[in-house]
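Trainee: Dropping in coords-v3.cif, which is mmCIF, C-alpha atoms:
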```cif
data_structure
loop_
_atom_site.label_atom_id
_atom_site.label_comp_id
_atom_site.auth_asym_id
_atom_site.auth_seq_id
_atom_site.Cartn_x
_atom_site.Cartn_y
_atom_site.Cartn_z
CA MET A 273 65.13 -70.20 -30.91
CA SER A 274 62.24 -67.76 -30.73
CA LYS A 275 61.06 -66.54 -34.13
CA ARG A 276 59.31 -63.32 -33.28
CA LYS A 277 57.75 -61.78 -36.30
CA MET A 278 56.82 -58.18 -36.87
CA LEU A 279 53.47 -57.48 -38.41
CA ALA A 280 52.59 -54.20 -40.09
CA ALA A 281 48.99 -53.36 -39.16
CA GLU A 282 46.95 -50.34 -40.14
CA GLU A 283 47.39 -47.68 -37.54
CA ASP A 284 43.70 -47.64 -36.63
CA LEU A 285 43.63 -51.39 -36.00
CA ALA A 286 46.90 -51.32 -34.05
CA ASN A 287 45.52 -48.50 -31.93
CA ARG A 288 42.37 -50.45 -31.17
CA VAL A 289 44.46 -53.45 -30.13
CA ALA A 290 46.50 -51.14 -27.92
CA LYS A 291 43.31 -49.72 -26.41
CA LEU A 292 42.04 -53.22 -25.68
CA ALA A 293 45.33 -54.07 -23.98
CA GLU A 294 45.09 -50.96 -21.84
CA LYS A 295 41.49 -51.76 -20.90
CA ARG A 296 42.57 -55.19 -19.69
CA GLY A 297 45.68 -54.00 -17.96
CA LEU A 298 47.94 -56.09 -20.21
CA THR A 299 50.81 -55.24 -22.51
CA ILE A 300 50.13 -55.17 -26.23
CA TYR A 301 52.35 -58.21 -26.63
CA GLN A 302 50.35 -60.18 -24.02
CA THR A 303 47.11 -59.11 -25.68
CA VAL A 304 48.24 -60.11 -29.17
CA ASN A 305 49.52 -63.40 -27.76
CA ASP A 306 46.20 -64.13 -26.08
CA MET A 307 44.18 -63.27 -29.19
CA LEU A 308 46.26 -65.57 -31.37
CA GLU A 309 46.14 -68.35 -28.80
CA GLN A 310 42.36 -68.17 -28.85
CA ALA A 311 42.41 -68.32 -32.65
CA LEU A 312 44.42 -71.55 -32.36
CA ARG A 313 42.03 -72.94 -29.74
CA ALA A 314 39.11 -72.21 -32.05
CA GLU A 315 40.88 -73.91 -34.95
CA GLU A 316 41.46 -76.96 -32.76
CA GLN A 317 37.70 -77.16 -32.35
CA GLY A 318 37.21 -76.94 -36.09
CA LEU A 319 35.87 -73.43 -36.36
CA THR A 320 37.05 -69.95 -37.13
CA LEU A 321 36.96 -67.12 -34.63
CA LYS A 322 34.37 -65.38 -36.77
CA GLU A 323 32.06 -68.39 -36.38
CA ALA A 324 32.71 -68.52 -32.63
CA VAL A 325 31.93 -64.82 -32.22
CA ASP A 326 28.83 -65.09 -34.43
CA ARG A 327 27.53 -68.04 -32.44
CA GLY A 328 28.28 -66.30 -29.18
CA ASP A 329 26.21 -63.39 -30.40
CA ARG A 330 23.35 -65.75 -31.24
CA MET A 331 23.44 -67.28 -27.78
CA ASP A 332 23.44 -63.81 -26.21
CA ARG A 333 20.34 -63.04 -28.23
CA ALA A 334 18.78 -66.33 -27.06
CA ARG A 335 19.42 -65.30 -23.46
CA ASP A 336 17.90 -61.89 -24.17
CA MET A 337 14.83 -63.73 -25.42
CA GLY A 338 14.42 -65.44 -22.06
CA LEU A 339 15.77 -68.79 -23.23
CA THR A 340 18.16 -71.10 -21.45
CA PHE A 341 19.79 -74.52 -21.80
CA THR A 342 18.56 -77.74 -20.33
CA VAL A 343 19.14 -81.44 -20.64
CA GLU A 344 16.95 -82.62 -23.48
CA HIS A 345 16.40 -86.07 -22.04
CA LEU A 346 15.17 -84.69 -18.69
CA TYR A 347 12.99 -82.09 -20.30
CA TYR A 348 11.05 -84.52 -22.49
CA GLN A 349 10.59 -86.90 -19.55
CA VAL A 350 9.22 -84.14 -17.32
CA VAL A 351 6.91 -82.86 -20.05
CA GLU A 352 5.68 -86.36 -20.79
CA SER A 353 5.07 -87.03 -17.13
CA ALA A 354 3.07 -83.83 -16.71
CA PHE A 355 1.23 -84.46 -19.97
CA SER A 356 0.14 -87.93 -18.92
CA LYS A 357 -1.24 -86.51 -15.65
CA ASP A 358 -3.20 -83.59 -17.00
CA LYS A 359 -3.14 -83.03 -20.74
CA GLN A 360 -5.37 -79.97 -20.66
CA ARG A 361 -3.43 -78.25 -17.90
CA LEU A 362 -0.22 -78.68 -19.80
CA LYS A 363 -1.71 -77.42 -23.04
CA ASP A 364 -3.00 -74.36 -21.16
CA LEU A 365 0.45 -73.81 -19.72
CA TRP A 366 2.06 -73.88 -23.16
CA ARG A 367 -0.70 -71.73 -24.64
CA ASP A 368 -0.11 -69.12 -21.94
CA MET A 369 3.62 -69.29 -22.53
CA GLY A 370 3.19 -68.95 -26.32
CA PHE A 371 0.88 -66.00 -25.76
CA TRP A 372 3.40 -64.42 -23.38
CA TYR A 373 6.26 -64.81 -25.86
CA GLY A 374 4.11 -63.50 -28.71
CA LYS A 375 3.32 -60.38 -26.66
CA TYR A 376 6.95 -60.08 -25.67
CA PHE A 377 8.19 -60.11 -29.27
CA LEU A 378 5.38 -57.84 -30.40
CA GLY A 379 6.47 -55.22 -27.90
CA LYS A 380 10.21 -55.75 -28.29
CA GLY A 381 10.97 -54.30 -31.69
CA ASN A 382 9.91 -53.50 -35.21
CA GLU A 383 10.18 -57.02 -36.53
CA PRO A 384 8.19 -59.28 -34.19
CA PHE A 385 7.68 -61.92 -36.88
CA LYS A 386 11.38 -62.22 -37.53
CA THR A 387 12.23 -62.18 -33.82
CA LEU A 388 9.68 -64.88 -33.07
CA SER A 389 10.96 -66.98 -35.95
CA ASP A 390 14.51 -66.55 -34.61
CA ALA A 391 13.39 -67.62 -31.14
CA LEU A 392 11.72 -70.69 -32.60
CA THR A 393 14.92 -71.49 -34.44
CA PHE A 394 16.70 -71.57 -31.06
CA LEU A 395 13.94 -73.60 -29.43
CA THR A 396 14.15 -76.17 -32.18
CA LEU A 397 17.94 -76.53 -32.37
CA GLY A 398 18.63 -80.08 -33.44
CA SER A 399 15.30 -80.29 -35.25
CA GLN A 400 14.39 -79.60 -38.83
CA PHE A 401 12.49 -76.36 -38.47
CA HIS A 402 11.14 -74.18 -41.29
CA VAL A 403 8.83 -71.23 -41.69
CA ASP A 404 7.80 -71.10 -45.36
CA GLN A 405 5.48 -68.93 -47.38
CA GLY A 406 2.58 -71.09 -48.62
CA LYS A 407 -0.25 -70.41 -51.08
CA ASN A 408 -2.45 -67.33 -50.67
CA SER A 409 -0.08 -65.66 -48.20
CA GLN A 410 -0.28 -68.65 -45.89
CA LEU A 411 2.59 -69.47 -43.61
CA VAL A 412 3.63 -73.07 -43.27
CA ILE A 413 5.53 -73.94 -40.12
CA SER A 414 7.09 -77.35 -39.94
CA CYS A 415 9.20 -78.97 -37.29
CA ILE A 416 10.51 -82.52 -37.29
CA ASN A 417 12.44 -84.15 -34.49
CA GLU A 418 12.38 -87.88 -33.92
CA LYS A 419 13.19 -87.36 -30.21
CA TYR A 420 10.04 -85.39 -29.46
CA THR A 421 7.61 -87.35 -27.37
CA LYS A 422 3.91 -87.36 -28.21
CA GLY A 423 3.11 -84.98 -25.38
CA TYR A 424 5.94 -82.61 -26.18
CA THR A 425 4.97 -82.49 -29.86
CA GLU A 426 1.39 -81.55 -28.95
CA VAL A 427 2.24 -78.87 -26.42
CA PHE A 428 4.95 -77.34 -28.59
CA ALA A 429 2.45 -77.05 -31.45
CA VAL A 430 0.09 -75.25 -29.05
CA PHE A 431 2.94 -72.90 -28.10
CA ILE A 432 3.65 -72.05 -31.76
CA GLU A 433 -0.01 -71.42 -32.55
CA ALA A 434 -0.47 -69.16 -29.53
CA ALA A 435 2.64 -67.11 -30.24
CA PHE A 436 1.69 -66.51 -33.87
CA LYS A 437 -1.90 -65.72 -32.90
CA VAL A 438 -0.64 -62.70 -30.98
CA LEU A 439 1.06 -61.55 -34.20
CA GLY A 440 -2.28 -61.80 -36.01
CA TYR A 441 -2.12 -65.27 -37.54
CA LYS A 442 -4.85 -67.87 -37.16
CA THR A 443 -4.39 -71.58 -37.65
CA VAL A 444 -6.10 -73.00 -40.71
CA GLU A 445 -4.58 -76.46 -40.55
CA ASN A 446 -2.67 -78.36 -37.89
CA GLU A 447 -1.23 -81.77 -38.61
CA THR A 448 0.66 -82.94 -35.58
CA ASP A 449 1.95 -86.41 -34.97
CA ARG A 450 4.67 -87.59 -32.61
CA GLY A 451 7.87 -85.82 -33.67
CA ILE A 452 6.19 -83.97 -36.55
CA ILE A 453 4.48 -80.60 -36.49
CA GLN A 454 3.00 -78.95 -39.55
CA ILE A 455 0.87 -75.88 -39.04
CA LYS A 456 -0.64 -73.67 -41.74
CA LEU A 457 -1.46 -70.13 -40.67
CA GLU A 458 -3.00 -67.13 -42.36
CA LYS A 459 -3.31 -63.49 -41.44
CA GLU A 460 -6.52 -62.80 -39.48
CA MET B 178 55.75 -52.61 -28.34
CA THR B 179 54.50 -50.61 -31.32
CA ARG B 180 56.68 -48.50 -33.59
CA LYS B 181 55.34 -45.79 -35.81
CA GLN B 182 55.78 -46.72 -39.46
CA PRO B 183 55.29 -44.75 -42.64
CA GLU B 184 51.95 -44.81 -44.47
CA ASP B 185 49.78 -45.03 -41.37
CA THR B 186 50.92 -48.45 -40.22
CA LYS B 187 52.35 -49.67 -36.96
CA LEU B 188 54.34 -52.75 -36.20
CA LEU B 189 52.99 -55.37 -33.83
CA VAL B 190 55.12 -58.21 -32.55
CA LEU B 191 53.72 -61.70 -33.07
CA PRO B 192 54.74 -64.26 -30.44
CA GLY B 193 57.54 -66.44 -31.74
CA ASP B 194 56.27 -69.68 -30.22
CA LEU B 195 52.97 -69.37 -32.10
CA VAL B 196 54.32 -68.26 -35.45
CA ASP B 197 54.87 -71.74 -36.89
CA GLN B 198 51.40 -72.97 -35.92
CA LEU B 199 49.83 -69.80 -37.22
CA LYS B 200 51.74 -70.08 -40.49
CA ASP B 201 50.48 -73.64 -40.97
CA ILE B 202 46.88 -72.66 -40.36
CA SER B 203 46.94 -69.50 -42.42
CA SER B 204 48.55 -71.26 -45.36
CA ARG B 205 45.93 -74.02 -45.21
CA LYS B 206 43.34 -71.28 -45.51
CA GLY B 207 45.20 -69.64 -48.37
CA LEU B 208 45.95 -66.55 -46.27
CA SER B 209 49.16 -64.83 -45.40
CA LEU B 210 50.17 -64.89 -41.77
CA SER B 211 49.55 -61.15 -41.62
CA SER B 212 46.01 -61.42 -43.00
CA TYR B 213 45.21 -64.20 -40.57
CA ALA B 214 46.54 -62.22 -37.61
CA ILE B 215 44.68 -59.10 -38.67
CA ASP B 216 41.40 -61.08 -39.02
CA THR B 217 42.02 -62.37 -35.50
CA PHE B 218 42.50 -58.87 -34.09
CA GLU B 219 39.34 -57.70 -35.80
CA GLU B 220 37.34 -60.56 -34.29
CA ALA B 221 38.81 -59.75 -30.87
CA ILE B 222 37.66 -56.15 -31.24
CA ARG B 223 34.21 -57.34 -32.38
CA ALA B 224 33.96 -59.65 -29.35
CA ASP B 225 34.94 -56.73 -27.12
CA SER B 226 32.15 -54.62 -28.64
CA MET B 227 29.79 -57.41 -27.50
CA SER B 228 31.15 -57.08 -23.95
CA THR B 229 33.09 -60.32 -24.06
CA ASP B 230 36.50 -61.52 -25.20
CA LEU B 231 37.84 -64.27 -27.41
CA ARG B 232 38.73 -66.55 -24.51
CA ASN B 233 35.16 -66.47 -23.18
CA THR B 234 33.77 -66.81 -26.68
CA VAL B 235 35.82 -69.92 -27.43
CA ASP B 236 35.07 -71.36 -23.95
CA ALA B 237 31.34 -70.78 -24.44
CA TYR B 238 31.46 -72.40 -27.84
CA HIS B 239 33.22 -75.41 -26.35
CA ILE B 240 30.56 -75.76 -23.64
CA ARG B 241 27.77 -75.52 -26.20
CA GLU B 242 29.41 -78.19 -28.34
CA VAL B 243 29.75 -80.55 -25.38
CA HIS B 244 26.11 -79.85 -24.43
CA ARG B 245 24.84 -80.33 -27.91
CA ASP B 246 26.59 -83.66 -28.27
CA ALA B 247 25.30 -84.71 -24.83
CA GLY B 248 21.72 -83.85 -25.82
CA GLY B 249 21.32 -80.30 -24.57
CA MET B 250 18.54 -78.07 -25.80
CA VAL B 251 17.25 -74.53 -25.49
CA ILE B 252 13.99 -73.88 -23.64
CA PRO B 253 12.05 -70.93 -22.22
CA ARG B 254 13.69 -70.10 -18.87
CA SER B 255 10.56 -70.32 -16.74
CA ILE B 256 9.15 -73.57 -18.01
CA LEU B 257 11.01 -76.20 -15.99
CA SER B 258 9.87 -74.89 -12.62
CA GLN B 259 6.29 -74.63 -13.88
CA LEU B 260 6.47 -78.16 -15.17
CA MET B 261 7.74 -79.42 -11.85
CA ARG B 262 4.60 -78.03 -10.23
CA CYS B 263 2.51 -80.11 -12.65
CA THR B 264 4.30 -83.28 -11.60
CA GLU B 265 4.49 -82.89 -7.85
CA ASP B 266 3.86 -86.55 -7.12
CA SER B 267 6.63 -87.77 -9.44
CA GLY B 268 9.37 -87.01 -6.90
CA GLU B 269 10.93 -90.46 -6.60
CA ARG B 270 10.88 -91.10 -10.32
CA PHE B 271 12.51 -87.75 -10.98
CA LYS B 272 15.18 -88.39 -8.36
CA ASP B 273 16.12 -91.56 -10.24
CA LEU B 274 15.99 -89.73 -13.53
CA TRP B 275 18.18 -86.83 -12.37
CA GLY B 276 20.64 -89.24 -10.75
CA GLU B 277 20.87 -91.35 -13.88
CA THR B 278 21.33 -88.24 -16.02
CA GLY B 279 24.12 -86.91 -13.76
CA ARG B 280 25.86 -90.28 -13.81
CA TRP B 281 25.64 -90.46 -17.58
CA TYR B 282 26.91 -86.91 -18.03
CA GLY B 283 29.90 -87.59 -15.78
CA GLN B 284 30.80 -90.67 -17.80
CA TYR B 285 30.31 -88.72 -21.00
CA LEU B 286 32.58 -85.87 -19.84
CA LYS B 287 35.28 -88.33 -18.81
CA ARG B 288 35.38 -89.74 -22.30
CA ARG B 289 34.68 -86.59 -24.29
CA LEU B 290 37.14 -84.39 -22.39
CA SER B 291 39.68 -87.03 -21.50
CA GLY B 292 42.86 -85.38 -20.27
CA SER B 293 41.17 -82.03 -19.60
CA ASP B 294 40.53 -80.40 -16.25
CA LEU B 295 36.95 -81.58 -15.77
CA LEU B 296 36.35 -79.50 -12.66
CA ALA B 297 37.39 -76.38 -14.56
CA PHE B 298 34.97 -77.34 -17.31
CA LEU B 299 32.16 -77.86 -14.80
CA ARG B 300 32.87 -74.45 -13.29
CA SER B 301 31.86 -72.91 -16.62
CA ASP B 302 29.34 -75.54 -17.58
CA LEU B 303 27.06 -75.74 -14.53
CA PRO B 304 25.97 -72.07 -14.56
CA VAL B 305 24.96 -72.45 -18.21
CA SER B 306 23.33 -75.87 -18.07
CA TRP B 307 21.37 -75.16 -14.87
CA ASN B 308 20.89 -71.43 -15.28
CA LEU B 309 22.65 -70.75 -11.97
CA ASP B 310 23.13 -67.23 -10.68
CA GLU B 311 26.36 -68.18 -8.92
CA CYS B 312 28.58 -71.23 -9.11
CA GLU B 313 31.92 -71.79 -7.46
CA ILE B 314 34.09 -74.90 -7.58
CA VAL B 315 37.20 -74.88 -5.43
CA ASN B 316 39.65 -77.75 -5.60
CA GLY B 317 41.90 -77.78 -2.59
CA GLY B 318 42.34 -81.39 -1.56
CA GLU B 319 38.62 -81.71 -1.16
CA VAL B 320 36.39 -80.21 -3.82
CA LYS B 321 33.86 -77.61 -2.72
CA VAL B 322 30.92 -76.89 -5.00
CA ARG B 323 28.71 -73.96 -4.15
CA PHE B 324 25.75 -72.85 -6.26
CA VAL B 325 22.97 -70.30 -6.02
CA ARG B 326 19.88 -69.89 -8.11
CA PHE B 327 17.45 -67.41 -6.68
CA ASP B 328 14.28 -68.77 -8.30
CA MET B 329 14.94 -72.46 -7.69
CA SER B 330 12.37 -74.43 -5.72
CA GLU B 331 13.32 -76.73 -2.85
CA GLU B 332 12.40 -79.78 -4.92
CA PHE B 333 14.49 -78.64 -7.85
CA THR B 334 17.43 -77.88 -5.52
CA ASP B 335 17.24 -81.45 -4.22
CA LEU B 336 17.16 -82.82 -7.76
CA LEU B 337 20.19 -80.78 -8.75
CA LEU B 338 22.05 -82.07 -5.69
CA ILE B 339 21.25 -85.64 -6.70
CA TYR B 340 22.40 -84.89 -10.24
CA LEU B 341 25.67 -83.42 -8.89
CA LYS B 342 26.24 -86.31 -6.50
CA GLU B 343 26.00 -88.83 -9.32
CA LEU B 344 27.96 -86.68 -11.76
CA MET B 345 30.79 -86.26 -9.26
CA GLY B 346 30.56 -89.97 -8.45
CA SER B 347 31.20 -90.73 -12.12
CA LEU B 348 34.28 -88.52 -11.95
CA GLY B 349 35.56 -90.43 -8.93
CA TYR B 350 34.41 -88.19 -6.07
CA VAL B 351 32.29 -89.02 -3.07
CA GLU B 352 30.10 -86.50 -1.28
CA VAL B 353 31.26 -85.95 2.30
CA GLU B 354 29.38 -82.84 3.42
CA ARG B 355 26.28 -80.98 2.30
CA ASP B 356 24.63 -77.78 3.43
CA SER B 357 21.58 -76.79 1.41
CA VAL B 358 18.48 -74.65 1.50
CA ARG B 359 16.07 -73.69 -1.27
CA GLY B 360 18.07 -72.43 -4.26
CA MET B 361 21.46 -72.59 -2.59
CA ALA B 362 23.90 -75.32 -1.58
CA THR B 363 27.49 -75.96 -0.62
CA VAL B 364 28.70 -79.52 -1.06
CA LYS B 365 32.10 -81.02 -0.38
CA TYR B 366 33.53 -84.04 -2.17
CA LEU B 367 36.62 -86.16 -1.71
CA LYS B 368 38.40 -88.00 -4.45
CA LEU B 369 37.71 -91.73 -4.08
CA GLY B 370 40.77 -93.32 -2.61
CA ASN B 371 41.41 -90.17 -0.55
CA SER B 372 38.13 -90.51 1.40
CA HIS B 373 38.09 -91.58 5.03
CA SER B 374 36.62 -95.01 5.43
#
```
Translate this structure into C-alpha cells?
Mentor:
Amino acid sequence: MSKRKMLAAEEDLANRVAKLAEKRGLTIYQTVNDMLEQALRAEEQGLTLKEAVDRGDRMDRARDMGLTFTVEHLYYQVVESAFSKDKQRLKDLWRDMGFWYGKYFLGKGNEPFKTLSDALTFLTLGSQFHVDQGKNSQLVISCINEKYTKGYTEVFAVFIEAAFKVLGYKTVENETDRGIIQIKLEKE
Amino acid sequence: MTRKQPEDTKLLVLPGDLVDQLKDISSRKGLSLSSYAIDTFEEAIRADSMSTDLRNTVDAYHIREVHRDAGGMVIPRSILSQLMRCTEDSGERFKDLWGETGRWYGQYLKRRLSGSDLLAFLRSDLPVSWNLDECEIVNGGEVKVRFVRFDMSEEFTDLLLIYLKELMGSLGYVEVERDSVRGMATVKYLKLGNSHS
C-alpha cells in the first residue's frame, strides 16, 4: 500500500521546486521523486547531498583551473621515463608550466595566492600538502606522498617554486627527497 | 500537485515508496522527514544554480570515488601530451604499460562495481578519466565505443586504444573492428562467447 505523505514547504521553496520541474519538463511529483532518490543514492555512498554538491563545485573549479584527471600509476611512469632521459628538459618543462600557472592565477582574480594554493591542493590530492606561515613572514610549503617517484618529486618542486615566484616569492630553502618536498619561500 | 496553504506554505507530495527509507535515514540523522526533504530540495536548487543536477552530481561523485580508489589523480591538462613528446622512443614500453593499466582497471571495476552496469559506468567515466571531448558507448548485441579528443596525438590515440582493448578484455569483450585516426576512434567489441570463431 502506497504511503504518500504530504509535506508543507515554505511557499518560496515550493515555487522554486515547481520552477525546476517546469525547466526540466517534468511534473513536480516526478521532480521531488528524483531529488529524493538522489539523496538516497548519496546516502548509499556514505555522504550527504550537501557534500556531493560541495565536491562537485570543487571539481568544477579544478576544471576551470585547467586541471584534469589521469591514472596516477601511468603518470608517474611517464614522468620518470622522461626524467631519466633528460632531467634538465623535464625541469624546464615544469618550470615553464609553473610559471604559466602562476601568471594565470595572477591574472584571474583578486586572490592569486589563495587560488594557487587551492590549485595545489587539487594537484596533491592523496598527499599531505600544507602551506604554512613560517618565521619572518616566510611561507613553508610541504608535500609528502610515498608514491611520488624521485623524478616526479623533483619536477613538482620546480613547478611549485616557479608558480610562487610569479606571485613574488623567492625560494630560500628547498629540501626535496623522494616523496617529500619542503620549500621555504619569502616575499621578494 | 501543490495546494495553497495558509501562512505562506504549500503542500508537496512525497513519493510513498521512498517514505520508509527516507524516514529511516532522517531519524538516524536526528531530523524530521520534512527537514530532510527540505534540505534535499535546497541542495537540488543549489546544484541547479551550478548548472547541474543532483543525478549528475551523485554520478560524478561516484566516478571520482572509483577513480580515487583506483589511483586516479589530478594533473594540469596539457602535461601528458608534452610528456609524451619527451619520451618518444618509449613507445613499446608505454604500450605494455597502458595495456597492463587497462587490464587492471577492468578487473578492478568488475570487483568494485559488481552487479552494476559497467558499460554505463564507462560511458560516464571515460570522458573524465581521459579528458575526452566526446564519448559514446552503444550496447546493441555488439558494443560500439566511439571517442573524440581534439588535441590527442596519434601516439596517445593508439595508447588509449590499447588501454580500451585490455580493459574491455577484462570485462569479457573482444575487439572485432577498429577505425581510428588521430584523436578519434570507433571500436566494436563482442562479448566473449558470442564472438565468431
Trainee: Wanna dump the chain A-chain B contacts at 6 Å for me, each residue with its shortest atom pair and the distance in Å to one decimal, counting all atoms listed in the file, ordered by chain and number, as a tab-separated table?
Mentor:
```
residue	atom	partner	partner_atom	distance
A:Ser274	CA	B:Gly193	CA	5.0
A:Lys275	CA	B:Gly193	CA	4.3
A:Arg276	CA	B:Gly193	CA	3.9
A:Lys277	CA	B:Leu191	CA	5.2
A:Met278	CA	B:Val190	CA	4.6
A:Leu279	CA	B:Leu189	CA	5.1
A:Ala280	CA	B:Leu188	CA	4.5
A:Ala281	CA	B:Thr186	CA	5.4
A:Glu282	CA	B:Thr186	CA	4.4
A:Glu283	CA	B:Thr186	CA	4.5
A:Asn305	CA	B:Pro192	CA	5.9
A:Gln310	CA	B:Arg232	CA	5.9
A:Gly338	CA	B:Arg254	CA	5.7
A:Leu339	CA	B:Pro253	CA	4.4
A:Thr340	CA	B:Arg254	CA	5.3
A:Phe341	CA	B:Val251	CA	4.5
A:Thr342	CA	B:Met250	CA	5.5
A:Val343	CA	B:Gly249	CA	4.6
A:Glu344	CA	B:Gly249	CA	5.1
A:Ala354	CA	B:Thr264	CA	5.3
A:Leu395	CA	B:Val251	CA	5.2
```
Trainee: Provide the atom CA of A:Glu316 to atom CA of A:Lys291 distance in Å, to one decimal place.
Mentor: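 These two atoms are separated by 28.0 Å.
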Trainee: Can you tell me how far atom CA of A:Ala314 sits from atom CA of B:Lys200, in Å to one decimal?
Mentor: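 One can read the atom CA of A:Ala314 to atom CA of B:Lys200 distance as 15.3 Å.
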Trainee: Residues within 12 Å of A:Asp336, please, as a JSON list (two decimals) with C-alpha atoms, in the coordinates of the input. Count all atoms listed in the file; anything in the same chain fewer than 3 positions from it doesn't count.
Mentor:
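selection-v8.json was written with the following content:
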```json
[["chain", "number", "residue", "atom", "x", "y", "z"],
["A", 329, "ASP", "CA", 26.21, -63.39, -30.40],
["A", 330, "ARG", "CA", 23.35, -65.75, -31.24],
["A", 331, "MET", "CA", 23.44, -67.28, -27.78],
["A", 332, "ASP", "CA", 23.44, -63.81, -26.21],
["A", 333, "ARG", "CA", 20.34, -63.04, -28.23],
["A", 339, "LEU", "CA", 15.77, -68.79, -23.23],
["A", 340, "THR", "CA", 18.16, -71.10, -21.45],
["A", 376, "TYR", "CA", 6.95, -60.08, -25.67],
["A", 377, "PHE", "CA", 8.19, -60.11, -29.27],
["A", 380, "LYS", "CA", 10.21, -55.75, -28.29],
["A", 387, "THR", "CA", 12.23, -62.18, -33.82],
["A", 390, "ASP", "CA", 14.51, -66.55, -34.61],
["A", 391, "ALA", "CA", 13.39, -67.62, -31.14],
["A", 394, "PHE", "CA", 16.70, -71.57, -31.06],
["B", 253, "PRO", "CA", 12.05, -70.93, -22.22],
["B", 254, "ARG", "CA", 13.69, -70.10, -18.87]]
```
Trainee: Out of B:Val351, B:Val320, B:Ile240, B:Leu309, which residue has the shortest atom-to-atom distance to B:Gly370 when counting only C-alpha atoms?
Mentor: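 For B:Gly370, the nearest of the candidates is B:Val351.
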Trainee: When the PyMOL selection byres ((chain B and resi 285) around 10) is applied to the structure above, which residues does it catch, written out as number ranges by chain?
Mentor: B: 243, 246-247, 279-284, 286-291, 344, 347-348
Trainee: Please return stretch 293-307 of chain A, rebuilt to N, CA, C and O atoms, as a CSV table (one decimal), keeping the file's coordinate frame.
Mentor:
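Once written, out_1.csv looks like this:
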```
chain,number,residue,atom,x,y,z
A,293,ALA,N,44.3,-53.6,-24.9
A,293,ALA,CA,45.3,-54.1,-24.0
A,293,ALA,C,45.3,-53.2,-22.7
A,293,ALA,O,45.3,-53.7,-21.6
A,294,GLU,N,45.1,-51.9,-23.0
A,294,GLU,CA,45.1,-51.0,-21.8
A,294,GLU,C,43.9,-51.2,-21.0
A,294,GLU,O,44.0,-51.3,-19.7
A,295,LYS,N,42.7,-51.5,-21.6
A,295,LYS,CA,41.5,-51.8,-20.9
A,295,LYS,C,41.7,-53.0,-20.0
A,295,LYS,O,41.1,-53.0,-18.9
A,296,ARG,N,42.4,-53.9,-20.5
A,296,ARG,CA,42.6,-55.2,-19.7
A,296,ARG,C,43.8,-55.2,-18.8
A,296,ARG,O,44.1,-56.2,-18.1
A,297,GLY,N,44.5,-54.1,-18.8
A,297,GLY,CA,45.7,-54.0,-18.0
A,297,GLY,C,46.8,-54.9,-18.4
A,297,GLY,O,47.6,-55.4,-17.6
A,298,LEU,N,46.9,-55.2,-19.7
A,298,LEU,CA,47.9,-56.1,-20.2
A,298,LEU,C,48.8,-55.3,-21.2
A,298,LEU,O,48.4,-54.2,-21.6
A,299,THR,N,50.0,-55.9,-21.5
A,299,THR,CA,50.8,-55.2,-22.5
A,299,THR,C,50.2,-55.6,-23.9
A,299,THR,O,49.4,-56.6,-24.0
A,300,ILE,N,50.6,-54.9,-24.9
A,300,ILE,CA,50.1,-55.2,-26.2
A,300,ILE,C,50.6,-56.6,-26.6
A,300,ILE,O,49.8,-57.3,-27.2
A,301,TYR,N,51.8,-56.9,-26.3
A,301,TYR,CA,52.4,-58.2,-26.6
A,301,TYR,C,51.5,-59.3,-26.0
A,301,TYR,O,51.1,-60.3,-26.7
A,302,GLN,N,51.2,-59.2,-24.7
A,302,GLN,CA,50.4,-60.2,-24.0
A,302,GLN,C,49.0,-60.3,-24.7
A,302,GLN,O,48.4,-61.4,-24.9
A,303,THR,N,48.4,-59.1,-25.1
A,303,THR,CA,47.1,-59.1,-25.7
A,303,THR,C,47.1,-59.8,-27.0
A,303,THR,O,46.3,-60.6,-27.3
A,304,VAL,N,48.1,-59.5,-27.8
A,304,VAL,CA,48.2,-60.1,-29.2
A,304,VAL,C,48.4,-61.6,-29.0
A,304,VAL,O,47.8,-62.4,-29.7
A,305,ASN,N,49.3,-62.0,-28.0
A,305,ASN,CA,49.5,-63.4,-27.8
A,305,ASN,C,48.2,-64.1,-27.4
A,305,ASN,O,47.9,-65.2,-27.9
A,306,ASP,N,47.4,-63.5,-26.5
A,306,ASP,CA,46.2,-64.1,-26.1
A,306,ASP,C,45.2,-64.3,-27.3
A,306,ASP,O,44.6,-65.3,-27.4
A,307,MET,N,45.1,-63.2,-28.1
A,307,MET,CA,44.2,-63.3,-29.2
A,307,MET,C,44.5,-64.4,-30.1
A,307,MET,O,43.7,-65.2,-30.6
```
